[in-house]
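Q: Below is one structure. I have some questions about it.
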Amino acid sequence: ALSMAKPSHAHILGTTDIGQDTFKELIVGTRGELEICFTAGILATILSLLIGVTGGYLGGRSDQSLSLVSNVFLVLPTLPLIFLITDLVHPKSPYVVALVIGLTSWAASARVLRGQTLSLARREYVDAARTSGEGHVRIIVFEILPNLTPIIAAQLVFALIGAILTHAAVAYLGLDNSSSVS
């Protein structure tokens, strides 16, 4: 019978009670977790940028409509929705979980970006760009987004952390089969 081995040159973190290399299991598990969480985090950040910045810049009915969408997604319960969708989708894919996490976790970031964009859209340099005939997309990309970079970076970090924690909860409950070590 095999038994757990202490850390050594051959096995940096030792082995499990059935002889598997603990370091290898850690690396394989981390790789799968990071793929899923980066997919979810980047999706959430892109959606929050599209909805929040667009609504904040355009204002009026567009802003009201996009704010309504944000408010609806803000109250969606992520974990029960993941449970429901992973139960319905076959074969079970970890990227379905990543997609659901990303689609349900963008709304709070969109509200933050919307508020900041509302402030930036009324600045003199944005008015000057509008007066000189610049298009909406160019103003957003070259005048507003550079000023949002620190907020976007922070929102991306929070989205990644949230995705990791949500995926850990899903994996703990046994609804994800993304980490299999040979």
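Residue names in the structure tokens use chain letters A, B, ... in the order shown, residue numbers from 1 in each chain, and ligand numbers from 1 in the order shown.
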Just the residues within 12 Å of Ile85 (chain A), please, counting only C-alpha atoms, with nothing from its chain fewer than 3 positions along; format it as a PDB file with N, CA and C atoms, in the first residue's frame.

A:
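Everything below was put into out-v4.pdb:
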ATOM      1  N   THR A  78     -26.599  34.788  -8.505  1.00  0.00           N
ATOM      2  CA  THR A  78     -25.630  34.085  -9.345  1.00  0.00           C
ATOM      3  C   THR A  78     -25.596  32.585  -9.068  1.00  0.00           C
ATOM      4  N   LEU A  79     -25.415  32.190  -7.813  1.00  0.00           N
ATOM      5  CA  LEU A  79     -25.264  30.761  -7.506  1.00  0.00           C
ATOM      6  C   LEU A  79     -26.482  29.923  -7.900  1.00  0.00           C
ATOM      7  N   PRO A  80     -27.699  30.315  -7.542  1.00  0.00           N
ATOM      8  CA  PRO A  80     -28.839  29.503  -7.991  1.00  0.00           C
ATOM      9  C   PRO A  80     -28.954  29.425  -9.517  1.00  0.00           C
ATOM     10  N   LEU A  81     -28.604  30.515 -10.202  1.00  0.00           N
ATOM     11  CA  LEU A  81     -28.639  30.502 -11.658  1.00  0.00           C
ATOM     12  C   LEU A  81     -27.593  29.539 -12.224  1.00  0.00           C
ATOM     13  N   ILE A  82     -26.407  29.527 -11.631  1.00  0.00           N
ATOM     14  CA  ILE A  82     -25.370  28.575 -12.052  1.00  0.00           C
ATOM     15  C   ILE A  82     -25.837  27.144 -11.804  1.00  0.00           C
ATOM     16  N   LEU A  88     -28.989  21.866 -16.396  1.00  0.00           N
ATOM     17  CA  LEU A  88     -29.676  21.727 -17.677  1.00  0.00           C
ATOM     18  C   LEU A  88     -28.738  21.436 -18.841  1.00  0.00           C
ATOM     19  N   VAL A  89     -27.488  21.879 -18.763  1.00  0.00           N
ATOM     20  CA  VAL A  89     -26.554  21.757 -19.881  1.00  0.00           C
ATOM     21  C   VAL A  89     -25.798  20.437 -19.802  1.00  0.00           C
ATOM     22  N   HIS A  90     -25.807  19.707 -20.913  1.00  0.00           N
ATOM     23  CA  HIS A  90     -25.046  18.461 -21.012  1.00  0.00           C
ATOM     24  C   HIS A  90     -24.305  18.472 -22.335  1.00  0.00           C
ATOM     25  N   PRO A  91     -23.077  18.115 -22.457  1.00  0.00           N
ATOM     26  CA  PRO A  91     -22.201  17.718 -21.369  1.00  0.00           C
ATOM     27  C   PRO A  91     -21.807  18.932 -20.528  1.00  0.00           C
ATOM     28  N   LYS A  92     -21.501  18.684 -19.293  1.00  0.00           N
ATOM     29  CA  LYS A  92     -21.145  19.759 -18.381  1.00  0.00           C
ATOM     30  C   LYS A  92     -19.772  20.314 -18.761  1.00  0.00           C
ATOM     31  N   SER A  93     -19.716  21.600 -18.996  1.00  0.00           N
ATOM     32  CA  SER A  93     -18.476  22.263 -19.373  1.00  0.00           C
ATOM     33  C   SER A  93     -18.149  23.334 -18.343  1.00  0.00           C
ATOM     34  N   PRO A  94     -16.899  23.429 -17.940  1.00  0.00           N
ATOM     35  CA  PRO A  94     -16.542  24.491 -16.998  1.00  0.00           C
ATOM     36  C   PRO A  94     -16.733  25.880 -17.605  1.00  0.00           C
ATOM     37  N   TYR A  95     -16.706  25.969 -18.930  1.00  0.00           N
ATOM     38  CA  TYR A  95     -16.876  27.272 -19.561  1.00  0.00           C
ATOM     39  C   TYR A  95     -18.320  27.752 -19.519  1.00  0.00           C
ATOM     40  N   VAL A  96     -19.259  26.847 -19.339  1.00  0.00           N
ATOM     41  CA  VAL A  96     -20.645  27.261 -19.108  1.00  0.00           C
ATOM     42  C   VAL A  96     -20.722  27.989 -17.768  1.00  0.00           C
ATOM     43  N   VAL A  97     -20.046  27.454 -16.769  1.00  0.00           N
ATOM     44  CA  VAL A  97     -19.993  28.111 -15.460  1.00  0.00           C
ATOM     45  C   VAL A  97     -19.335  29.481 -15.598  1.00  0.00           C
ATOM     46  N   ALA A  98     -18.221  29.559 -16.345  1.00  0.00           N
ATOM     47  CA  ALA A  98     -17.536  30.835 -16.549  1.00  0.00           C
ATOM     48  C   ALA A  98     -18.444  31.838 -17.254  1.00  0.00           C
ATOM     49  N   LEU A  99     -19.181  31.367 -18.247  1.00  0.00           N
ATOM     50  CA  LEU A  99     -20.091  32.238 -18.980  1.00  0.00           C
ATOM     51  C   LEU A  99     -21.190  32.781 -18.064  1.00  0.00           C
ATOM     52  N   VAL A 100     -21.765  31.919 -17.250  1.00  0.00           N
ATOM     53  CA  VAL A 100     -22.831  32.364 -16.337  1.00  0.00           C
ATOM     54  C   VAL A 100     -22.271  33.329 -15.294  1.00  0.00           C
ATOM     55  N   ILE A 101     -21.088  33.040 -14.763  1.00  0.00           N
ATOM     56  CA  ILE A 101     -20.476  33.953 -13.794  1.00  0.00           C
ATOM     57  C   ILE A 101     -20.237  35.313 -14.444  1.00  0.00           C
ATOM     58  N   VAL A 170     -18.974  26.797  -6.428  1.00  0.00           N
ATOM     59  CA  VAL A 170     -19.588  25.835  -7.354  1.00  0.00           C
ATOM     60  C   VAL A 170     -18.830  24.511  -7.312  1.00  0.00           C
ATOM     61  N   LEU A 175     -20.556  20.849  -8.551  1.00  0.00           N
ATOM     62  CA  LEU A 175     -21.244  21.130  -9.807  1.00  0.00           C
ATOM     63  C   LEU A 175     -20.300  21.404 -10.957  1.00  0.00           C
ATOM     64  N   ASP A 176     -19.006  21.205 -10.731  1.00  0.00           N
ATOM     65  CA  ASP A 176     -18.027  21.486 -11.777  1.00  0.00           C
ATOM     66  C   ASP A 176     -16.999  20.366 -11.807  1.00  0.00           C
TER      67      ASP A 176
END

Q: Residues at most 12 Å from region 62-69 of chain A, counting only C-alpha atoms, excluding those fewer than 4 positions away in the same chain, as a PyMOL selection string?

A: chain A and resi 47-58+73-76+103-104+106-115+117-118

Q: Rounded to one decimal place, report the CA of Ala169 (chain A)-CA of Ile18 (chain A) distance in Å.

A: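 So the answer is 26.0 Å.
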
Q: Quick one: of A:His9, A:Arg123, A:His167, A:Arg130, who's nearest to Gly41 (chain A), counting only C-alpha atoms?

A: A:His167
